[in-house]
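For reference, the structure discussed in these notes is given below.
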Amino acid sequence: MCYLMTRKRWWRLILLGIVLGVSYAWFSRTSIEDWWNSPGSWYPPDNNFAVKPYVQPGDSPNALALLWQTIEETDHLAWAVQFQNEPGRAWAATSAPQWHRLAVEGVPVLRLYRATLWGLSPGVTFSYRVIRAGAPVFEASATAPKPAGQSHRFVVFGDCGTGSTEQRAVAYQAGRARPDYVVITGDVVYLRGRASEYLDRFFPIYNAEISSPHIGTSLLRSTLFYAAPGNHDLIERNLDKHPDGLAFFYEWAYPLNGPEPPPGAPAGVLEGSAARVQAFRKAAGSAFPRMANYSFNYGDIHWTVLDGNNYADWTEPSFRSWLEGNLASARGAAWRLVALHHPPFHSSKAHADDQRTRVLAPIFEKGGVALVFAGHVHNYQRSRPLRFTAGPPEPNAAGKAFGPSGMLDGKWTLDKVYDGKERIRPDGVIYVVTGAGGARLYDTDQHDVPSSWHDFTARFVSNIHSLSIVDATPETLTVRQVSAEGAELDRFVVGRPEPPSLAR
Ligand SMILES: [Fe+2]
């Protein structure tokens, strides 16, 4: 009896311990946000790389930039970069890598290094190695940008940086496609576009040592990544809340060839203490705020990347004339494509009222844009070729034509002859939403329910994560939407449109 009582007591004690333990764990649990805030939780030191080398655009067509980041506190040794322009050739050294400090709260003080690989042979794959204290610590290969006339491949996806299983699977498919470059249609990292989020849920997934559906891809070390800024990347302007926010402006190095926002425009506004604003400005340099819009050429394509955030007023005349001029200047290119985060046209219930970027549609049409890639809406959608006229009143500088939440009504004319297979020359612009790169999917109940779509929507896939893979030649663009599992979900061909001088 005494023995049984003792056993019961023991059991009671064990149960009490379990209850107390679970309660303690529950009440003292760390939020995801807090966990992200703990510097060092995301990063196993590896030759002092906080971010392993990644490829960015160079200053000329036959150059590329190589960027990497180190933790300043332990960065005591000299760095160098060598590259081998073609197999069998001698290794050449770049000029000494330059660095500047990223000293924002939320991450350790980092050094962002940059070396320029120059004199590259267009379209040729070359090797490079990063050297620390005389010893190679990182080696990879990359391909110099391909010239006009040579076919190439690019992939597009958006709304990706959550760290999810699906993000990794889509990243893996992007790597499998072996693209010449990647375009991200915004919301690069969640939730607030912070440097700590890039370290946690972007760089390790797109610059992984091992490519696998459960890990990601090593693509970033060999392939250009371009990104349009999304709302999660740029909408938070209060650096007291997130001192390492707006990291888009220093993680990337895109050409500063977009329009400078007018003085006082919301795109250039920063909030927070003077010290935090200054730390951000030092990290971003001249990239803020100008780099939110830019353009670049690759092969036969002229790309225009736009900031479609709500504060970016695309009824503003100087911005509109910049875009018109940008597209007109690319009249000689076979293709003019656009990437932005907020889709002008989509059929999701989510973000249904978010229509501000429709004011851009007439400029796209006049400029002979063939395809507009967007994200924001977390699924895949393809429109029929369309032309849009904003319904009265015309949008004005005050944006009064926008309804509540940014609605912009109007009329669209659809090309119903185009089928993307036999009839491939569109009359109008095709709008693609490819925002299924990793974040939770939107409107899965609208998948395969055409009655819930606008008549401009030709295809709507919302039951699986996916990416767009595009093969470009001077005459055609072949677009395939591929699932995170590698299955083809959609395929359409676009024949080269009329030059913009002939466009309506
Ligand atoms: Fe978004």
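Residue numbers start at 1 in each chain; chains themselves are named A, B, ... in the order of the structure tokens; ligands are numbered from 1 in the order shown.
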What lies within 10 Å of Gly438 (chain A) using only C-alpha atoms, ignoring chain neighbours under 5 positions off, as an MDAnalysis selection string?
chainID A and resid 157:171 188 378:379 464:467 484
Produce as a list in words the set of residues near ligand 1, where near means within 8 Å with only C-alpha atoms and all ligand atoms considered.
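Listed by chain and ascending number, the contacts are Asp159, Gly186, Asp187, Gly230, Asn231, His232, His341, His342, Gly375, His376 and Val377 of chain A.
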Residues within 8 Å of Gly58 (chain A), please, as a list in words. Count only C-alpha atoms; anything in the same chain fewer than 4 positions from it doesn't count.
Asn62, Ala63, Leu64, Ala65, Thr116 and Leu117 of chain A
Within 7 Å of Thr223 (chain A), counting only C-alpha atoms, which residues qualify if same-chain residues fewer than 5 places away don't, as number ranges by chain?
A: 55, 142, 180-181
One decimal place gives the CA of Trp335 (chain A)-CA of Trp412 (chain A) separation as 22.8 Å
Contacts of region 195-209 of chain A within 10 Å, only C-alpha atoms, excl. fewer than 2 positions in-chain, as an MDAnalysis selection string
chainID A and resid 33 36:43 50:54 102 104:108 160:164 167:169 171:172 174:175 188:193 211:212 214:222 225 242:248 250:251
